[in-house]
>>> print(open('query-v4.cif').read())   # mmCIF, C-alpha atoms and all ligand atoms
data_start
loop_
_atom_site.label_atom_id
_atom_site.label_comp_id
_atom_site.auth_asym_id
_atom_site.auth_seq_id
_atom_site.Cartn_x
_atom_site.Cartn_y
_atom_site.Cartn_z
CA MET A 1 64.93 -117.91 109.45
CA ASN A 2 65.57 -116.42 106.02
CA LEU A 3 63.32 -113.65 104.76
CA THR A 4 63.32 -112.05 101.35
CA VAL A 5 62.49 -108.39 100.96
CA TRP A 6 62.30 -106.35 97.79
CA THR A 7 63.47 -102.76 97.59
CA VAL A 8 62.44 -100.16 95.06
CA THR A 9 64.96 -97.38 94.51
CA SER A 10 64.54 -94.39 92.27
CA ASP A 11 65.77 -90.86 91.73
CA THR A 12 63.09 -88.40 92.74
CA ASP A 13 62.95 -84.64 93.08
CA ASN A 14 63.78 -85.16 96.75
CA GLY A 15 66.82 -87.34 96.06
CA VAL A 16 67.13 -91.11 96.00
CA GLU A 17 64.12 -92.81 97.54
CA THR A 18 64.05 -96.44 98.65
CA THR A 19 61.15 -98.44 99.99
CA ALA A 20 61.10 -102.04 101.20
CA HIS A 21 58.36 -104.53 100.43
CA GLY A 22 57.45 -107.96 101.70
CA ALA A 23 56.48 -109.34 98.30
CA GLU A 24 57.86 -108.93 94.79
CA ARG A 25 54.40 -108.08 93.50
CA GLU A 26 54.10 -105.20 96.01
CA ALA A 27 57.48 -103.87 94.92
CA TYR A 28 56.31 -103.68 91.32
CA GLU A 29 53.06 -102.00 92.39
CA GLU A 30 55.19 -99.34 94.09
CA LEU A 31 57.38 -99.01 91.00
CA LYS A 32 54.24 -98.59 88.90
CA LYS A 33 53.08 -95.70 91.11
CA ARG A 34 56.40 -93.93 90.73
CA TYR A 35 57.19 -94.77 87.15
CA CYS A 36 54.03 -94.87 85.07
CA ASN A 37 52.92 -91.64 83.46
CA THR A 38 50.81 -92.90 80.59
CA ALA A 39 47.85 -95.25 80.32
CA ALA A 40 49.96 -97.52 78.08
CA GLU A 41 52.65 -97.81 80.76
CA VAL A 42 50.06 -98.57 83.43
CA ALA A 43 48.51 -101.24 81.19
CA SER A 44 51.90 -102.85 80.55
CA PHE A 45 52.71 -102.90 84.27
CA ASP A 46 49.32 -104.34 85.15
CA ARG A 47 49.73 -107.13 82.59
CA HIS A 48 53.20 -108.10 83.86
CA ILE A 49 52.21 -107.81 87.52
CA ALA A 50 49.18 -110.04 86.88
CA ASP A 51 51.40 -112.58 85.06
CA GLY A 52 54.19 -112.33 87.62
CA THR A 53 56.64 -111.79 84.71
CA PHE A 54 58.71 -109.31 86.66
CA ALA A 55 62.01 -109.97 84.88
CA GLU A 56 60.48 -108.90 81.58
CA LEU A 57 59.01 -105.83 83.23
CA MET A 58 62.37 -104.91 84.75
CA ASP A 59 64.08 -105.23 81.34
CA TRP A 60 61.54 -102.88 79.89
CA VAL A 61 61.94 -100.43 82.78
CA SER A 62 65.75 -100.45 82.58
CA GLN A 63 65.67 -99.78 78.84
CA ALA A 64 63.26 -96.92 79.41
CA SER A 65 65.25 -95.58 82.35
CA ASP A 66 68.50 -95.70 80.32
CA ALA A 67 66.76 -93.78 77.57
CA THR A 68 65.32 -91.10 79.85
CA GLY A 69 68.13 -90.91 82.38
CA ASP A 70 65.73 -91.78 85.20
CA HIS A 71 67.00 -94.50 87.45
CA PHE A 72 64.81 -97.20 88.87
CA SER A 73 65.63 -100.53 90.33
CA VAL A 74 63.92 -103.38 92.12
CA ARG A 75 66.22 -105.72 94.02
CA SER A 76 65.64 -108.71 96.22
CA HIS A 77 67.57 -109.13 99.46
CA THR A 78 67.77 -112.21 101.61
CA ILE A 79 68.06 -111.44 105.28
CA ASP A 80 68.69 -113.79 108.15
CA ALA A 81 66.05 -112.67 110.61
CA ALA A 82 65.23 -113.81 114.07
CA GLU A 83 62.05 -115.82 114.46
CA PRO A 84 59.44 -113.23 115.41
CA SER A 85 58.39 -113.59 119.01
CA VAL A 86 54.86 -114.62 119.72
CA ASP A 87 54.96 -113.58 123.35
CA PRO A 88 56.77 -110.34 124.30
CA VAL A 89 55.99 -110.77 128.02
CA LEU A 90 57.62 -114.21 128.00
CA ASP A 91 60.65 -112.86 126.09
CA GLU A 92 61.05 -110.03 128.58
CA ALA A 93 60.96 -112.52 131.46
CA TYR A 94 63.66 -114.62 129.76
CA ARG A 95 65.85 -111.52 129.26
CA GLU A 96 65.46 -110.58 132.93
CA ALA A 97 66.42 -114.10 133.99
CA ALA A 98 69.39 -114.12 131.57
CA ILE A 99 70.62 -110.78 132.95
CA SER A 100 70.38 -111.82 136.60
CA GLU A 101 71.91 -115.25 135.90
CA TYR A 102 74.71 -114.37 133.47
CA ALA A 103 75.32 -110.63 132.96
CA ASP A 104 78.75 -109.54 134.14
CA GLU A 105 79.68 -105.96 133.29
CA GLY A 106 82.51 -105.74 130.77
CA ARG A 107 82.42 -109.48 130.17
CA ILE A 108 78.87 -110.61 129.31
CA GLU A 109 76.30 -108.01 128.30
CA ILE A 110 72.67 -108.63 127.39
CA ASP A 111 70.75 -105.97 125.47
CA SER A 112 67.38 -104.82 126.78
CA ASN A 113 65.94 -105.89 123.41
CA ALA A 114 68.07 -109.06 123.05
CA VAL A 115 66.78 -111.69 120.63
CA VAL A 116 65.13 -114.61 122.42
CA SER A 117 65.03 -117.91 120.57
CA HIS A 118 62.67 -120.42 122.10
CA GLY A 119 63.90 -123.98 121.93
CA ASP A 120 62.02 -127.26 121.73
CA ASP A 121 63.16 -128.04 125.26
CA ASN A 122 61.82 -126.18 128.25
CA GLY A 123 63.84 -122.96 127.82
CA ALA A 124 65.19 -120.37 125.41
CA TYR A 125 68.46 -118.92 124.10
CA VAL A 126 68.93 -115.22 124.89
CA ALA A 127 71.43 -113.34 122.71
CA ALA A 128 74.41 -111.93 124.63
CA TRP A 129 77.60 -110.01 123.90
CA VAL A 130 80.82 -111.48 125.21
CA TRP A 131 84.00 -109.42 125.54
CA VAL A 132 87.10 -110.85 123.85
CA ASP A 133 90.48 -109.43 124.74
CA ARG A 134 92.91 -108.75 121.86
CA ASP A 135 95.52 -110.83 123.71
CA ASP A 136 93.26 -113.87 123.35
CA VAL A 137 92.94 -113.46 119.57
CA PRO A 138 95.32 -115.88 117.80
CA LEU A 139 96.71 -113.24 115.46
CA CYS A 140 100.15 -111.63 115.34
CA ALA A 141 100.30 -107.81 115.17
CA CYS A 142 100.97 -108.28 111.41
CA GLY A 143 97.62 -110.02 111.00
CA ALA A 144 98.95 -113.57 110.44
CA ARG A 145 97.91 -116.42 112.73
CA ASN A 146 100.28 -116.98 115.63
CA ASP A 147 99.07 -120.39 116.77
CA ASP A 148 100.88 -122.67 114.29
CA GLY A 149 103.74 -123.34 116.71
CA GLU A 150 106.27 -121.38 114.60
CA GLY A 151 106.32 -118.15 116.59
CA PHE A 152 106.43 -117.03 120.21
CA ASP A 153 105.33 -114.11 122.42
CA GLY A 154 102.18 -113.66 120.32
CA MET A 155 104.20 -113.29 117.12
CA CYS A 156 103.79 -115.40 113.98
CA GLY A 157 106.79 -117.44 112.70
CA VAL A 158 107.90 -114.72 110.27
CA CYS A 159 107.77 -111.90 112.83
CA ALA A 160 109.41 -114.11 115.47
CA ASP A 161 112.29 -114.92 113.04
CA LYS A 162 112.72 -111.20 112.28
CA ALA A 163 112.74 -110.38 115.99
CA GLU A 164 115.32 -113.11 116.59
CA ALA A 165 117.54 -111.86 113.73
CA ALA A 166 117.31 -108.28 115.06
CA GLU A 167 118.26 -109.54 118.51
CA ALA A 168 121.25 -111.49 117.05
CA LEU A 169 122.53 -108.33 115.28
CA LYS A 170 122.65 -106.53 118.62
CA ASP A 171 125.03 -109.16 120.09
ZN ZN A 201 103.55 -111.58 112.24
#
>>> encode(input="query-v4.cif", output="structure tokens")
Amino acid sequence: MNLTVWTVTSDTDNGVETTAHGAEREAYEELKKRYCNTAAEVASFDRHIADGTFAELMDWVSQASDATGDHFSVRSHTIDAAEPSVDPVLDEAYREAAISEYADEGRIEIDSNAVVSHGDDNGAYVAAWVWVDRDDVPLCACGARNDDGEGFDGMCGVCADKAEAAEALKD
């Protein structure tokens, strides 16, 4: 599930301060609290917030912040969030079952707060960590893929050719 959050960042006497908000309107209300010093500024913010013309407001704020050397910004961020659980007791029971059924130390690990995604069928997916050994990764030590049939011993074609040439020099 994608969520959008808005952050407000500004320089304050205590350093850079950032807050996150669930709605663009809320973010601009927060910016108003921090930014507005005069009745005219408050009025301008209120008008734009009521209209939802945030881009215009931000232009005005950035011009003002450039002029004064204050720095303010409002940014939107899209995050891929897990579906919030509606039943923590059920989730906990699924985690317990997942751990007893699948957990295998050093191979499959399940966090005590693992995400549980309930399916349409009678069950759920429980997030797990699986260990992958470097030897199973299809990359040569140089970083190139080693599974195109050109190399050997885990080396890519180029590194394998170099190794072969070095070997030939020895003979
Ligand atoms: Zn290589």
>>> closest_residue(input="query-v4.cif", among="A:Ala23, A:Leu31, A:Ala93, A:Leu57", to="Phe72 of chain A", atoms="only C-alpha atoms")
A:Leu31
>>> residues_around(input="query-v4.cif", residues="Asp148 of chain A", least_positions_apart="5", cutoff="10 Å", atoms="all atoms listed in the file", output="VMD selection string")
chain A and resid 138 156 to 157
>>> atom_distance(input="query-v4.cif", atom1="atom CA of Ser117 of chain A", atom2="atom CA of Ile79 of chain A")
16.9 Å
>>> atom_distance(input="query-v4.cif", atom1="atom CA of Cys142 of chain A", atom2="atom CA of Asp161 of chain A")
13.2 Å
>>> residues_around(input="query-v4.cif", residues="Phe54 of chain A", least_positions_apart="3", cutoff="9 Å", atoms="all atoms listed in the file", output="NGL selection string")
:A and (24-25 or 28 or 48-49 or 51 or 57-59)
>>> residues_around(input="query-v4.cif", residues="Asp136 of chain A", least_positions_apart="5", cutoff="12 Å", atoms="all atoms listed in the file", output="short mmCIF file (atom, residue, chain, number, x, y, z; two decimals) with C-alpha atoms, keeping the file's coordinate frame")
data_model
loop_
_atom_site.label_atom_id
_atom_site.label_comp_id
_atom_site.auth_asym_id
_atom_site.auth_seq_id
_atom_site.Cartn_x
_atom_site.Cartn_y
_atom_site.Cartn_z
CA TRP A 131 84.00 -109.42 125.54
CA ARG A 145 97.91 -116.42 112.73
CA ASN A 146 100.28 -116.98 115.63
CA ASP A 147 99.07 -120.39 116.77
CA GLY A 154 102.18 -113.66 120.32
#
>>> closest_residue(input="query-v4.cif", among="A:Gly151, A:Arg134, A:Ser100, A:Gly22", to="His77 of chain A", atoms="only C-alpha atoms")
A:Gly22
>>> atom_distance(input="query-v4.cif", atom1="atom CA of Ser65 of chain A", atom2="atom CA of Phe45 of chain A")
14.6 Å
>>> closest_residue(input="query-v4.cif", among="A:Val130, A:Ala98, A:Ala40, A:Val158", to="ligand ZN 201 (chain A)", atoms="only C-alpha atoms and all ligand atoms")
A:Val158
>>> closest_residue(input="query-v4.cif", among="A:Pro88, A:Gly143, A:Gly123, A:Gly15", to="ligand ZN 201 (chain A)", atoms="all atoms listed in the file")
A:Gly143
>>> residues_around(input="query-v4.cif", residues="Val86 of chain A", least_positions_apart="4", cutoff="12 Å", atoms="all atoms listed in the file", output="ChimeraX atom specification")
/A:82,90-92,116-118
>>> decode(input="query-v4.cif", residues="segment 3-139 of chain A", atoms="C-alpha atoms", output="mmCIF file, in the first residue's frame")
data_model
loop_
_atom_site.group_PDB
_atom_site.id
_atom_site.type_symbol
_atom_site.label_atom_id
_atom_site.label_comp_id
_atom_site.auth_asym_id
_atom_site.auth_seq_id
_atom_site.Cartn_x
_atom_site.Cartn_y
_atom_site.Cartn_z
ATOM 1 C CA LEU A 3 1.125 6.248 1.544
ATOM 2 C CA THR A 4 2.058 9.865 1.015
ATOM 3 C CA VAL A 5 3.453 11.907 3.875
ATOM 4 C CA TRP A 6 4.474 15.541 3.875
ATOM 5 C CA THR A 7 7.474 16.818 5.787
ATOM 6 C CA VAL A 8 8.116 20.363 6.916
ATOM 7 C CA THR A 9 11.772 21.236 7.413
ATOM 8 C CA SER A 10 13.141 24.512 8.675
ATOM 9 C CA ASP A 11 16.159 26.047 10.349
ATOM 10 C CA THR A 12 15.332 26.911 13.927
ATOM 11 C CA ASP A 13 17.342 28.170 16.873
ATOM 12 C CA ASN A 14 17.701 24.528 17.893
ATOM 13 C CA GLY A 15 18.976 23.388 14.500
ATOM 14 C CA VAL A 16 17.103 21.834 11.607
ATOM 15 C CA GLU A 17 13.647 20.671 12.609
ATOM 16 C CA THR A 18 11.525 18.272 10.574
ATOM 17 C CA THR A 19 7.989 17.121 11.216
ATOM 18 C CA ALA A 20 5.901 14.643 9.238
ATOM 19 C CA HIS A 21 2.233 15.093 8.411
ATOM 20 C CA GLY A 22 -0.472 12.871 7.010
ATOM 21 C CA ALA A 23 -2.021 15.554 4.825
ATOM 22 C CA GLU A 24 -0.620 18.376 2.715
ATOM 23 C CA ARG A 25 -2.982 20.828 4.391
ATOM 24 C CA GLU A 26 -1.618 19.882 7.842
ATOM 25 C CA ALA A 27 1.935 20.403 6.609
ATOM 26 C CA TYR A 28 1.100 23.947 5.550
ATOM 27 C CA GLU A 29 -0.631 24.619 8.871
ATOM 28 C CA GLU A 30 2.618 23.597 10.581
ATOM 29 C CA LEU A 31 4.633 25.800 8.229
ATOM 30 C CA LYS A 32 2.301 28.689 9.032
ATOM 31 C CA LYS A 33 2.966 28.248 12.773
ATOM 32 C CA ARG A 34 6.708 28.353 12.232
ATOM 33 C CA TYR A 35 6.915 30.906 9.481
ATOM 34 C CA CYS A 36 4.273 33.573 9.935
ATOM 35 C CA ASN A 37 5.200 36.588 12.014
ATOM 36 C CA THR A 38 2.764 39.182 10.729
ATOM 37 C CA ALA A 39 -0.996 39.317 10.352
ATOM 38 C CA ALA A 40 -0.525 39.758 6.580
ATOM 39 C CA GLU A 41 1.502 36.537 6.371
ATOM 40 C CA VAL A 42 -1.090 34.650 8.406
ATOM 41 C CA ALA A 43 -3.857 35.968 6.141
ATOM 42 C CA SER A 44 -1.973 34.919 3.010
ATOM 43 C CA PHE A 45 -1.364 31.429 4.404
ATOM 44 C CA ASP A 46 -4.977 31.041 5.460
ATOM 45 C CA ARG A 47 -6.193 32.037 1.997
ATOM 46 C CA HIS A 48 -3.898 29.554 0.215
ATOM 47 C CA ILE A 49 -4.582 26.769 2.718
ATOM 48 C CA ALA A 50 -8.336 27.291 2.281
ATOM 49 C CA ASP A 51 -7.928 27.229 -1.531
ATOM 50 C CA GLY A 52 -5.512 24.307 -1.467
ATOM 51 C CA THR A 53 -3.158 26.359 -3.706
ATOM 52 C CA PHE A 54 -0.071 25.066 -1.973
ATOM 53 C CA ALA A 55 2.295 25.408 -4.943
ATOM 54 C CA GLU A 56 1.664 29.147 -5.044
ATOM 55 C CA LEU A 57 2.181 29.364 -1.301
ATOM 56 C CA MET A 58 5.460 27.451 -1.532
ATOM 57 C CA ASP A 59 6.717 29.806 -4.287
ATOM 58 C CA TRP A 60 5.962 32.735 -2.054
ATOM 59 C CA VAL A 61 7.654 31.084 0.932
ATOM 60 C CA SER A 62 10.793 30.165 -1.044
ATOM 61 C CA GLN A 63 11.133 33.715 -2.359
ATOM 62 C CA ALA A 64 10.764 35.049 1.156
ATOM 63 C CA SER A 65 13.140 32.466 2.590
ATOM 64 C CA ASP A 66 15.763 33.260 -0.083
ATOM 65 C CA ALA A 67 15.446 36.922 0.796
ATOM 66 C CA THR A 68 15.746 36.421 4.551
ATOM 67 C CA GLY A 69 18.153 33.490 4.556
ATOM 68 C CA ASP A 70 15.661 31.375 6.496
ATOM 69 C CA HIS A 71 15.149 27.955 5.018
ATOM 70 C CA PHE A 72 11.801 26.261 4.851
ATOM 71 C CA SER A 73 10.577 23.423 2.772
ATOM 72 C CA VAL A 74 7.546 21.207 2.432
ATOM 73 C CA ARG A 75 8.090 17.957 0.556
ATOM 74 C CA SER A 76 5.906 15.008 -0.228
ATOM 75 C CA HIS A 77 7.231 11.474 0.113
ATOM 76 C CA THR A 78 5.632 8.309 -1.145
ATOM 77 C CA ILE A 79 6.272 5.338 1.070
ATOM 78 C CA ASP A 80 5.441 1.722 0.483
ATOM 79 C CA ALA A 81 3.879 0.777 3.789
ATOM 80 C CA ALA A 82 2.529 -2.465 5.074
ATOM 81 C CA GLU A 83 -1.235 -2.705 5.371
ATOM 82 C CA PRO A 84 -1.930 -1.748 8.985
ATOM 83 C CA SER A 85 -3.027 -4.728 11.012
ATOM 84 C CA VAL A 86 -6.531 -4.752 12.348
ATOM 85 C CA ASP A 87 -5.886 -7.526 14.827
ATOM 86 C CA PRO A 88 -2.566 -7.568 16.742
ATOM 87 C CA VAL A 89 -3.489 -10.755 18.643
ATOM 88 C CA LEU A 90 -4.092 -12.585 15.356
ATOM 89 C CA ASP A 91 -0.809 -11.241 13.907
ATOM 90 C CA GLU A 92 1.093 -12.390 16.976
ATOM 91 C CA ALA A 93 -0.407 -15.869 16.639
ATOM 92 C CA TYR A 94 0.637 -16.002 12.973
ATOM 93 C CA ARG A 95 4.210 -14.947 13.890
ATOM 94 C CA GLU A 96 4.383 -17.648 16.559
ATOM 95 C CA ALA A 97 3.169 -20.257 14.075
ATOM 96 C CA ALA A 98 5.630 -19.009 11.423
ATOM 97 C CA ILE A 99 8.524 -19.222 13.895
ATOM 98 C CA SER A 100 7.705 -22.741 15.066
ATOM 99 C CA GLU A 101 7.030 -23.947 11.503
ATOM 100 C CA TYR A 102 9.863 -22.274 9.564
ATOM 101 C CA ALA A 103 12.479 -20.502 11.711
ATOM 102 C CA ASP A 104 15.917 -22.072 11.392
ATOM 103 C CA GLU A 105 18.718 -20.159 13.096
ATOM 104 C CA GLY A 106 21.192 -18.679 10.632
ATOM 105 C CA ARG A 107 19.006 -19.639 7.690
ATOM 106 C CA ILE A 108 15.452 -18.331 8.186
ATOM 107 C CA GLU A 109 14.811 -15.674 10.822
ATOM 108 C CA ILE A 110 11.481 -14.096 11.709
ATOM 109 C CA ASP A 111 11.417 -10.810 13.618
ATOM 110 C CA SER A 112 9.283 -10.537 16.738
ATOM 111 C CA ASN A 113 7.515 -7.617 15.017
ATOM 112 C CA ALA A 114 7.484 -9.178 11.519
ATOM 113 C CA VAL A 115 4.947 -7.759 9.066
ATOM 114 C CA VAL A 116 1.927 -10.027 8.655
ATOM 115 C CA SER A 117 -0.017 -9.705 5.414
ATOM 116 C CA HIS A 118 -3.397 -11.374 5.515
ATOM 117 C CA GLY A 119 -4.392 -13.008 2.265
ATOM 118 C CA ASP A 120 -7.798 -13.610 0.724
ATOM 119 C CA ASP A 121 -7.330 -17.320 1.344
ATOM 120 C CA ASN A 122 -7.412 -18.796 4.811
ATOM 121 C CA GLY A 123 -3.915 -17.706 5.927
ATOM 122 C CA ALA A 124 -1.315 -14.954 5.948
ATOM 123 C CA TYR A 125 2.208 -14.162 4.746
ATOM 124 C CA VAL A 126 4.683 -13.502 7.566
ATOM 125 C CA ALA A 127 7.832 -11.563 6.626
ATOM 126 C CA ALA A 128 11.064 -13.511 7.123
ATOM 127 C CA TRP A 129 14.788 -13.016 6.587
ATOM 128 C CA VAL A 130 16.594 -15.661 4.593
ATOM 129 C CA TRP A 131 20.378 -16.031 4.682
ATOM 130 C CA VAL A 132 22.145 -16.013 1.298
ATOM 131 C CA ASP A 133 25.729 -17.175 1.110
ATOM 132 C CA ARG A 134 28.140 -15.094 -1.005
ATOM 133 C CA ASP A 135 29.098 -18.273 -2.872
ATOM 134 C CA ASP A 136 25.513 -18.545 -4.129
ATOM 135 C CA VAL A 137 25.511 -14.999 -5.537
ATOM 136 C CA PRO A 138 26.122 -15.108 -9.319
ATOM 137 C CA LEU A 139 28.783 -12.399 -9.254
#
